[in-house]
Structures are given as C-alpha cells and as structure tokens.
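Chemist: Input file: my_file-v7.txt. Contents: compact mmCIF, C-alpha atoms.
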```txt
# COMPACT_ATOMS: atom_id res chain seq x y z
CA MET A 23 -62.89 -8.01 0.89
CA ALA A 24 -61.18 -9.48 -2.17
CA ARG A 25 -57.75 -8.18 -3.11
CA LYS A 26 -57.47 -6.34 -6.39
CA PRO A 27 -55.21 -7.99 -8.92
CA VAL A 28 -51.84 -6.35 -9.21
CA SER A 29 -51.07 -5.09 -12.69
CA PRO A 30 -47.58 -5.76 -14.10
CA GLU A 31 -47.05 -2.04 -14.49
CA SER A 32 -47.37 -1.48 -10.72
CA VAL A 33 -44.72 -4.08 -9.77
CA PRO A 34 -41.37 -2.35 -9.08
CA ALA A 35 -38.57 -3.49 -11.31
CA ALA A 36 -35.93 -5.70 -9.72
CA PRO A 37 -32.68 -3.84 -9.02
CA ALA A 38 -30.07 -4.28 -11.71
CA PRO A 39 -27.28 -6.66 -10.68
CA ALA A 40 -24.02 -5.02 -9.73
CA PRO A 41 -21.59 -4.93 -12.65
CA ALA A 42 -18.99 -7.68 -12.55
CA ASN A 43 -15.53 -6.74 -11.38
CA PRO A 44 -13.16 -9.08 -13.23
CA ARG A 45 -10.12 -7.90 -11.26
CA LYS A 46 -11.82 -8.80 -7.99
CA GLN A 47 -13.01 -12.10 -9.50
CA ALA A 48 -9.44 -13.03 -10.42
CA VAL A 49 -8.00 -12.05 -7.03
CA GLU A 50 -10.64 -13.92 -5.07
CA ALA A 51 -10.26 -16.96 -7.34
CA LEU A 52 -6.54 -17.04 -6.57
CA MET A 53 -7.18 -16.76 -2.85
CA ARG A 54 -9.77 -19.55 -2.92
CA LEU A 55 -7.28 -21.83 -4.64
CA ALA A 56 -4.46 -20.79 -2.30
CA ALA A 57 -6.55 -21.67 0.74
CA SER A 58 -6.18 -25.38 -0.11
CA ARG A 59 -3.25 -25.54 -2.56
CA HIS A 60 0.45 -24.86 -2.38
CA TRP A 61 1.32 -21.48 -3.88
CA ASP A 62 3.79 -22.93 -6.39
CA GLU A 63 1.24 -25.45 -7.67
CA ILE A 64 -1.40 -22.93 -8.73
CA GLU A 65 -1.34 -22.35 -12.48
CA LEU A 66 -2.64 -19.30 -14.33
CA GLY A 67 -5.11 -21.40 -16.30
CA GLU A 68 -6.62 -22.70 -13.06
CA ILE A 69 -7.05 -19.16 -11.76
CA ALA A 70 -8.79 -18.10 -14.97
CA ALA A 71 -11.14 -21.09 -14.85
CA GLU A 72 -11.92 -20.53 -11.15
CA ALA A 73 -12.68 -16.86 -11.86
CA GLY A 74 -14.82 -17.64 -14.91
CA LEU A 75 -12.50 -15.64 -17.16
CA SER A 76 -10.60 -16.45 -20.31
CA LEU A 77 -6.84 -16.68 -20.06
CA ALA A 78 -6.60 -13.69 -22.43
CA THR A 79 -8.81 -11.62 -20.14
CA LEU A 80 -6.75 -12.61 -17.13
CA ARG A 81 -3.56 -11.61 -18.96
CA GLY A 82 -5.06 -8.19 -19.65
CA LEU A 83 -5.81 -7.74 -15.96
CA PHE A 84 -2.64 -9.03 -14.31
CA PRO A 85 0.84 -9.95 -15.53
CA SER A 86 1.43 -12.58 -12.84
CA LYS A 87 0.16 -14.36 -9.73
CA LEU A 88 2.23 -12.00 -7.62
CA ALA A 89 0.42 -9.02 -9.12
CA MET A 90 -2.90 -10.65 -8.21
CA LEU A 91 -1.67 -11.15 -4.66
CA GLY A 92 -0.62 -7.51 -4.53
CA ALA A 93 -4.14 -6.55 -5.61
CA VAL A 94 -5.46 -8.03 -2.36
CA THR A 95 -3.92 -4.99 -0.68
CA ARG A 96 -5.91 -2.68 -2.95
CA LEU A 97 -9.18 -4.53 -2.20
CA VAL A 98 -8.52 -4.22 1.53
CA ASP A 99 -7.66 -0.54 1.12
CA ASP A 100 -11.01 0.05 -0.55
CA VAL A 101 -12.89 -1.65 2.30
CA VAL A 102 -11.06 0.27 5.03
CA LEU A 103 -11.31 3.65 3.30
CA ALA A 104 -15.03 3.12 2.58
CA GLU A 105 -15.61 2.78 6.34
CA LEU A 106 -13.74 6.00 7.10
CA SER A 107 -15.26 8.11 9.88
CA ASP A 108 -14.28 10.99 12.17
CA GLU A 109 -15.09 9.17 15.42
CA LEU A 110 -11.44 8.99 16.51
CA ALA A 111 -10.30 12.29 15.03
CA GLY A 112 -9.53 13.79 18.44
CA GLU A 113 -7.91 10.66 19.90
CA PRO A 114 -4.13 10.16 20.34
CA VAL A 115 -2.20 8.71 17.41
CA ARG A 116 -1.80 5.40 19.24
CA GLU A 117 -5.56 4.95 19.53
CA ARG A 118 -6.12 5.85 15.89
CA MET A 119 -3.44 3.38 14.78
CA PHE A 120 -4.89 0.61 16.96
CA ASP A 121 -8.31 1.08 15.38
CA LEU A 122 -6.84 1.28 11.88
CA VAL A 123 -4.84 -1.96 12.17
CA MET A 124 -7.80 -3.86 13.63
CA ARG A 125 -10.11 -2.65 10.87
CA ARG A 126 -7.56 -3.73 8.32
CA LEU A 127 -7.31 -7.20 9.87
CA ASP A 128 -11.12 -7.44 9.78
CA ALA A 129 -11.01 -6.67 6.05
CA LEU A 130 -8.33 -9.36 5.56
CA LEU A 131 -10.40 -12.03 7.33
CA PRO A 132 -11.88 -13.56 4.11
CA TYR A 133 -8.32 -14.24 2.90
CA LYS A 134 -6.88 -15.52 6.18
CA ASP A 135 -6.77 -19.23 5.25
CA ALA A 136 -5.02 -18.45 1.97
CA LEU A 137 -2.52 -16.10 3.62
CA ARG A 138 -1.61 -18.76 6.16
CA ARG A 139 -0.35 -20.92 3.31
CA ILE A 140 1.10 -18.14 1.14
CA VAL A 141 3.07 -16.06 3.63
CA PRO A 142 5.57 -18.76 4.75
CA VAL A 143 6.39 -19.49 1.10
CA LEU A 144 6.95 -15.87 0.14
CA ARG A 145 9.10 -15.10 3.18
CA ARG A 146 11.77 -17.35 1.71
CA ASP A 147 12.06 -15.10 -1.36
CA PRO A 148 13.65 -11.68 -0.54
CA LEU A 149 12.94 -10.25 -4.02
CA THR A 150 9.26 -11.10 -3.75
CA MET A 151 9.07 -9.59 -0.28
CA ALA A 152 10.73 -6.41 -1.56
CA ALA A 153 8.16 -6.15 -4.36
CA LEU A 154 5.27 -6.66 -1.94
CA ASN A 155 6.80 -4.07 0.40
CA ARG A 156 6.50 -1.42 -2.31
CA GLY A 157 2.79 -2.12 -2.59
CA ALA A 158 2.41 -2.07 1.18
CA VAL A 159 4.13 1.33 1.37
CA ASN A 160 1.67 2.77 -1.13
CA SER A 161 -1.19 1.26 0.83
CA TRP A 162 -0.09 2.58 4.21
CA ARG A 163 0.47 6.05 2.85
CA TYR A 164 -3.30 6.17 2.36
CA MET A 165 -4.04 4.34 5.61
CA LEU A 166 -2.10 6.89 7.66
CA ALA A 167 -3.69 9.75 5.75
CA SER A 168 -7.12 8.32 6.62
CA ALA A 169 -6.14 8.50 10.31
CA GLY A 170 -4.90 12.09 10.00
CA ILE A 171 -1.24 11.12 10.39
CA PRO A 172 1.21 13.13 8.21
CA THR A 173 2.93 11.24 5.41
CA GLU A 174 4.36 13.98 3.18
CA ASP A 175 6.60 15.89 5.60
CA ALA A 176 10.29 15.22 6.26
CA LEU A 177 9.52 12.16 8.41
CA GLY A 178 6.59 10.89 6.36
CA ALA A 179 8.56 8.08 4.71
CA VAL A 180 9.76 6.88 8.14
CA ARG A 181 6.19 6.78 9.47
CA VAL A 182 4.91 4.90 6.42
CA GLN A 183 7.65 2.25 6.43
CA GLY A 184 7.30 1.91 10.19
CA ALA A 185 3.58 1.26 9.79
CA VAL A 186 4.32 -1.43 7.17
CA LEU A 187 6.72 -3.20 9.56
CA LEU A 188 4.27 -2.88 12.45
CA MET A 189 1.48 -4.44 10.38
CA ALA A 190 3.76 -7.30 9.32
CA ARG A 191 4.73 -8.10 12.90
CA VAL A 192 1.12 -8.01 14.12
CA SER A 193 -0.01 -10.15 11.18
CA GLU A 194 2.42 -12.90 12.24
CA VAL A 195 0.35 -13.37 15.40
CA TRP A 196 -3.02 -12.77 13.71
CA LEU A 197 -2.50 -15.59 11.21
CA ASP A 198 -2.32 -18.11 14.08
CA ASP A 199 -4.88 -16.42 16.33
CA ASP A 200 -8.25 -18.18 16.00
CA GLU A 201 -9.83 -16.74 19.13
CA PRO A 202 -12.99 -14.73 18.33
CA GLU A 203 -11.81 -11.78 20.42
CA LEU A 204 -8.26 -11.86 18.94
CA SER A 205 -6.76 -11.25 22.37
CA ARG A 206 -3.25 -12.36 21.37
CA THR A 207 -3.32 -10.18 18.28
CA MET A 208 -4.46 -7.12 20.20
CA ALA A 209 -1.82 -7.70 22.89
CA ARG A 210 0.89 -7.86 20.23
CA LEU A 211 -0.48 -4.74 18.54
CA ASP A 212 -0.43 -2.87 21.83
CA ARG A 213 3.21 -3.80 22.44
CA GLU A 214 4.24 -2.89 18.89
CA LEU A 215 2.53 0.50 19.14
CA LYS A 216 4.37 1.26 22.38
CA THR A 217 7.69 0.35 20.75
CA ALA A 218 6.88 2.36 17.61
CA GLY A 219 5.94 5.36 19.74
CA ARG A 220 9.29 5.31 21.55
CA ILE A 221 11.24 4.96 18.28
CA MET A 222 9.35 7.78 16.57
CA ALA A 223 9.88 10.05 19.59
CA ARG A 224 13.66 9.51 19.30
CA VAL A 225 13.60 10.03 15.53
CA GLU A 226 11.69 13.27 15.94
CA ASP A 227 14.17 14.44 18.63
CA VAL A 228 17.13 13.73 16.34
CA HIS A 229 15.41 15.47 13.44
CA ARG A 230 14.73 18.53 15.59
CA LEU A 231 18.28 18.67 17.02
CA THR A 232 19.90 18.36 13.60
CA ALA A 233 17.72 21.07 12.02
CA PRO A 234 20.49 23.77 12.38
CA LEU A 235 23.01 21.48 10.65
CA ARG A 236 20.62 20.83 7.78
CA GLY A 237 20.02 24.57 7.45
CA LEU A 238 23.78 25.22 7.33
CA ALA A 239 24.23 22.51 4.68
CA ARG A 240 21.50 24.06 2.54
CA ALA A 241 23.09 27.50 2.90
CA LEU A 242 26.51 26.17 1.84
CA CYS A 243 25.02 24.40 -1.15
CA SER A 244 23.13 27.55 -2.16
CA ALA A 245 26.35 29.61 -1.94
CA ARG A 246 28.10 27.26 -4.37
CA ARG A 247 25.33 27.19 -6.94
CA PRO A 248 26.02 30.59 -8.61
CA ARG A 249 29.65 29.63 -9.29
CA ALA A 250 28.52 26.28 -10.64
CA ARG A 251 26.05 28.03 -12.93
CA ARG A 252 28.78 30.38 -14.19
CA ARG A 253 31.03 27.42 -14.95
CA GLU A 254 28.22 25.63 -16.74
CA ARG A 255 27.46 28.77 -18.80
CA ALA A 256 31.14 29.19 -19.74
CA ASP A 257 31.39 25.52 -20.75
CA THR A 258 28.26 25.87 -22.87
CA GLU A 259 29.57 28.96 -24.68
CA THR A 260 32.89 27.22 -25.38
CA ALA A 261 31.08 24.20 -26.75
CA MET A 262 28.91 26.38 -28.98
CA ARG A 263 32.02 28.09 -30.38
CA GLY A 264 33.51 24.67 -31.03
CA GLY A 265 36.57 25.49 -28.91
CA GLU A 266 39.17 28.26 -29.29
CA ASN A 267 40.85 26.89 -32.47
CA GLU A 268 37.76 25.77 -34.37
CA ASP A 269 35.42 27.68 -36.65
CA PHE A 270 32.15 28.68 -35.02
CA ALA A 271 29.25 27.25 -37.05
CA PRO A 272 25.85 27.89 -35.43
CA ALA A 273 23.20 25.23 -35.89
CA ILE A 274 20.52 25.98 -38.49
```
Is it possible to give me this structure as structure tokens?
Modeler:
Amino acid sequence: MARKPVSPESVPAAPAPAPANPRKQAVEALMRLAASRHWDEIELGEIAAEAGLSLATLRGLFPSKLAMLGAVTRLVDDVVLAELSDELAGEPVRERMFDLVMRRLDALLPYKDALRRIVPVLRRDPLTMAALNRGAVNSWRYMLASAGIPTEDALGAVRVQGAVLLMARVSEVWLDDDEPELSRTMARLDRELKTAGRIMARVEDVHRLTAPLRGLARALCSARRPRARRRERADTETAMRGGENEDFAPAI
C-alpha cells in the first residue's frame, strides 16, 4: 500500500533553539583559552573573539578576567542546585557533604584542564585569592543550604568558611587525579570530612559552654543602654539650644 504524502502542515515545527547566554559564552571562552595558554597571556580581545562577542558587549558583562573566572563558580552552582534531590535528606551530615563535594567536582570537570593552569598562578597572589574566597563563601552558603545544613545561625559563618577550605584542600588532589574512579580524591575528601567533623564538634562545645558568658555580656550591655540614651538626649537638647550662653534659634 502506497504511503500518503505528508502535507507541510502536518510536520511538527522544529524546537526553537535555546536563547544564547552571553555570560556563559564569555566564561567558557576564557576557560577554553586558559586550558592551553598562560593566564597572564590571555587578553580581553581574545576572549571576546573566542566567545563571538564584541569587546563592548564583553565589557558590559564583566569588568575583568577575574570576574569571568569568578562566574565559573556561579555556573557550577546552577548545575549542582538543578540536580537537587531529597535522597540523602535523612543521612548524616558527613554523607551529605561527601555527596555534595563530589557532585560539585563533577560539575567542574569541563573546566579541569583550565583550572590546572590557572590555580598555581592565582595562589601566588593573596589579594586575588581573597577576592575569590568571597565568591566561594557566597557559593557555599547555598551549597550547605541545599544539603540542609544551617548557615544563618551563630555558627553559620564558621560552617561556610570551613566548607570553602575543605573544598580547596580536596581540589588540590582532584586537579592531579586522572583516575576514572577518583580514588585519591575521595580518600582525601574522607579524611578532610573527619577532620572537619572533629573541629566543628569542638567549636560547638565551646559555643555551648560560653553561652552563659554571652548572656551576661548582653545583659550588661542592655543595662548601660538607658543611661547612654539619656546622655545622648541631653547632648541633643544642648546642641539644639546652641549651648547655655547662646541664643536658641530653631531651624525653619
């Protein structure tokens, strides 16, 4: 039996291409160049050309190469958070952190060759490392939240900065670990998590033991505040009168 001709109206339309993401284009262009070039040799014009963007467009997206490198963190965040699930919700913190770090390393895999060349250069610049640390802190605040680990309580800042340091130490091994199963990386991560667990347990003990002292300090500060307010009010009234020997002229 002969097939009936297909009318153009019955052919489904091709899906529309995904809209271009110029920020991602610029970041990935930089990382492609960095995979085979020295960091200090890469010029902004080369990044724009590699990304297929004008230099003016690139300037509107990022103020510097370092900002583009920092945006890698945001791209990785998006990948990890998009894969968020509740599978490990009931597991111990250590298990959740292990899974989180490994998923983050998986998301970093496309940039591994570039990072191998970039990281040793940046480690020699303390100011650059401090700037990147700020971005990493913002990133790990969300990473820990995704694993159900508190970040906004009294010890939240300690947990976040500790996670940043843990990731940095594990990444040192990961950058040189080319085994498919990443056995060296996972062994290092396991050791770092054990160490972090012991440190956090001590920090939490100290925080708990010093709670009465902090409460006493708050009480003493609260007791002084009314007197301070009275002094401030008296100083304000004196200033408004212009002092004892000056005419009082209210503002109009």
Chemist: Excluding A:Arg96 and its own-chain neighbours fewer than 2 positions away, which residues fall within 12 Å of it when counting only C-alpha atoms? Please give them as a PDB file with C-alpha atoms, in the frame of the given file.
Modeler:
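Full text of selection.pdb as output:
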```
ATOM      1  CA  ARG A  45     -10.120  -7.900 -11.260  1.00  0.00           C
ATOM      2  CA  LYS A  46     -11.820  -8.800  -7.990  1.00  0.00           C
ATOM      3  CA  VAL A  49      -8.000 -12.050  -7.030  1.00  0.00           C
ATOM      4  CA  ALA A  89       0.420  -9.020  -9.120  1.00  0.00           C
ATOM      5  CA  MET A  90      -2.900 -10.650  -8.210  1.00  0.00           C
ATOM      6  CA  LEU A  91      -1.670 -11.150  -4.660  1.00  0.00           C
ATOM      7  CA  GLY A  92      -0.620  -7.510  -4.530  1.00  0.00           C
ATOM      8  CA  ALA A  93      -4.140  -6.550  -5.610  1.00  0.00           C
ATOM      9  CA  VAL A  94      -5.460  -8.030  -2.360  1.00  0.00           C
ATOM     10  CA  VAL A  98      -8.520  -4.220   1.530  1.00  0.00           C
ATOM     11  CA  ASP A  99      -7.660  -0.540   1.120  1.00  0.00           C
ATOM     12  CA  ASP A 100     -11.010   0.050  -0.550  1.00  0.00           C
ATOM     13  CA  VAL A 101     -12.890  -1.650   2.300  1.00  0.00           C
ATOM     14  CA  VAL A 102     -11.060   0.270   5.030  1.00  0.00           C
ATOM     15  CA  LEU A 103     -11.310   3.650   3.300  1.00  0.00           C
ATOM     16  CA  ARG A 126      -7.560  -3.730   8.320  1.00  0.00           C
ATOM     17  CA  ALA A 129     -11.010  -6.670   6.050  1.00  0.00           C
ATOM     18  CA  LEU A 130      -8.330  -9.360   5.560  1.00  0.00           C
ATOM     19  CA  LEU A 154       5.270  -6.660  -1.940  1.00  0.00           C
ATOM     20  CA  GLY A 157       2.790  -2.120  -2.590  1.00  0.00           C
ATOM     21  CA  ALA A 158       2.410  -2.070   1.180  1.00  0.00           C
ATOM     22  CA  VAL A 159       4.130   1.330   1.370  1.00  0.00           C
ATOM     23  CA  ASN A 160       1.670   2.770  -1.130  1.00  0.00           C
ATOM     24  CA  SER A 161      -1.190   1.260   0.830  1.00  0.00           C
ATOM     25  CA  TRP A 162      -0.090   2.580   4.210  1.00  0.00           C
ATOM     26  CA  TYR A 164      -3.300   6.170   2.360  1.00  0.00           C
ATOM     27  CA  MET A 165      -4.040   4.340   5.610  1.00  0.00           C
TER      28      MET A 165
END
```
Chemist: In Å, with one decimal, what is the gap from atom CA of A:Val195 to atom CA of A:Lys216?
Modeler: 16.7 Å
Chemist: Leaving out A:Ala209 and any residue of its chain fewer than 4 positions from it, which residues lie within 12 Å of it when counting only C-alpha atoms, given as a PDB file with C-alpha atoms, in the coordinates of the input?
Modeler:
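As a result, result-v6.pdb now contains:
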```
ATOM      1  CA  PHE A 120      -4.890   0.610  16.960  1.00  0.00           C
ATOM      2  CA  MET A 124      -7.800  -3.860  13.630  1.00  0.00           C
ATOM      3  CA  ARG A 191       4.730  -8.100  12.900  1.00  0.00           C
ATOM      4  CA  VAL A 192       1.120  -8.010  14.120  1.00  0.00           C
ATOM      5  CA  VAL A 195       0.350 -13.370  15.400  1.00  0.00           C
ATOM      6  CA  TRP A 196      -3.020 -12.770  13.710  1.00  0.00           C
ATOM      7  CA  ASP A 199      -4.880 -16.420  16.330  1.00  0.00           C
ATOM      8  CA  GLU A 203     -11.810 -11.780  20.420  1.00  0.00           C
ATOM      9  CA  LEU A 204      -8.260 -11.860  18.940  1.00  0.00           C
ATOM     10  CA  SER A 205      -6.760 -11.250  22.370  1.00  0.00           C
ATOM     11  CA  ARG A 213       3.210  -3.800  22.440  1.00  0.00           C
ATOM     12  CA  GLU A 214       4.240  -2.890  18.890  1.00  0.00           C
ATOM     13  CA  LEU A 215       2.530   0.500  19.140  1.00  0.00           C
ATOM     14  CA  LYS A 216       4.370   1.260  22.380  1.00  0.00           C
TER      15      LYS A 216
END
```
Chemist: In Å, rounded to a single decimal, give me how far atom CA of A:Tyr133 is from atom CA of A:Leu110.
Modeler: 27.1 Å
Chemist: Let me make sure I understand: among A:Gly219, A:Trp61, A:Gly237, A:Gly184, which one has the smallest atom-to-atom distance to A:Leu88 if we use only C-alpha atoms?
Modeler: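 Of the candidates, the smallest distance to A:Leu88 is held by A:Trp61.
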Chemist: For A:Lys87, which residue among A:Ala51, A:Leu188, A:Ala111, A:Leu106 is the nearest when counting all atoms listed in the file?
Modeler: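 Of the candidates, the smallest distance to A:Lys87 is held by A:Ala51.
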Chemist: My list of candidates is A:Ala73, A:Ala48, A:Met222, A:Leu211. Which is closest to A:Leu97 when distances are computed with only C-alpha atoms?
Modeler: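 Checking each candidate against A:Leu97, we get A:Ala48 as the closest.
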Chemist: Between A:Ala56, A:Cys243, A:Leu235, A:Ala42, which has the minimum distance to A:Lys134 (counting all atoms listed in the file)?
Modeler: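 Closest to A:Lys134 of all the choices is A:Ala56.
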Chemist: Considering all atoms listed in the file, state which residue in the set A:Ala241, A:Val123, A:Val225, A:Leu137 is at the smallest distance from A:Val186.
Modeler: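 Of A:Ala241, A:Val123, A:Val225, A:Leu137, the one nearest A:Val186, counting all atoms listed in the file, is A:Val123.
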Chemist: Between atom CA of A:Leu55 and atom CA of A:Asp200, what is the distance, to one decimal in Å?
Modeler: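 Atom-to-atom, atom CA of A:Leu55 and atom CA of A:Asp200 are spaced 21.0 Å apart.
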Chemist: Taking into account all atoms listed in the file, which residue in the set A:Met151, A:Leu144, A:Ala218, A:Ala169 is nearest to A:Ser107?
Modeler: A:Ala169
Chemist: Counting only C-alpha atoms, what is within 6 Å of A:Ile69, bar same-chain residues fewer than 2 positions away, as a list of chain:residue names?
Modeler: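 So the residues in contact are A:Ala51, A:Leu52, A:Leu66, A:Gly67, A:Ala71, A:Glu72.
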Chemist: If we count all atoms listed in the file, what is near A:Ser193 at a cut-off of 9 Å, once residues fewer than 4 positions away on the same chain are taken out, given as a list of chain:residue names?
Modeler: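 Selected residues are A:Leu127, A:Leu188, A:Met189, A:Leu197, A:Asp198, A:Thr207.
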Chemist: Would you output that residue set with C-alpha atoms, as a compact mmCIF listing (two decimals), keeping the file's coordinate frame?
Modeler:
```txt
# COMPACT_ATOMS: atom_id res chain seq x y z
CA LEU A 127 -7.31 -7.20 9.87
CA LEU A 188 4.27 -2.88 12.45
CA MET A 189 1.48 -4.44 10.38
CA LEU A 197 -2.50 -15.59 11.21
CA ASP A 198 -2.32 -18.11 14.08
CA THR A 207 -3.32 -10.18 18.28
```
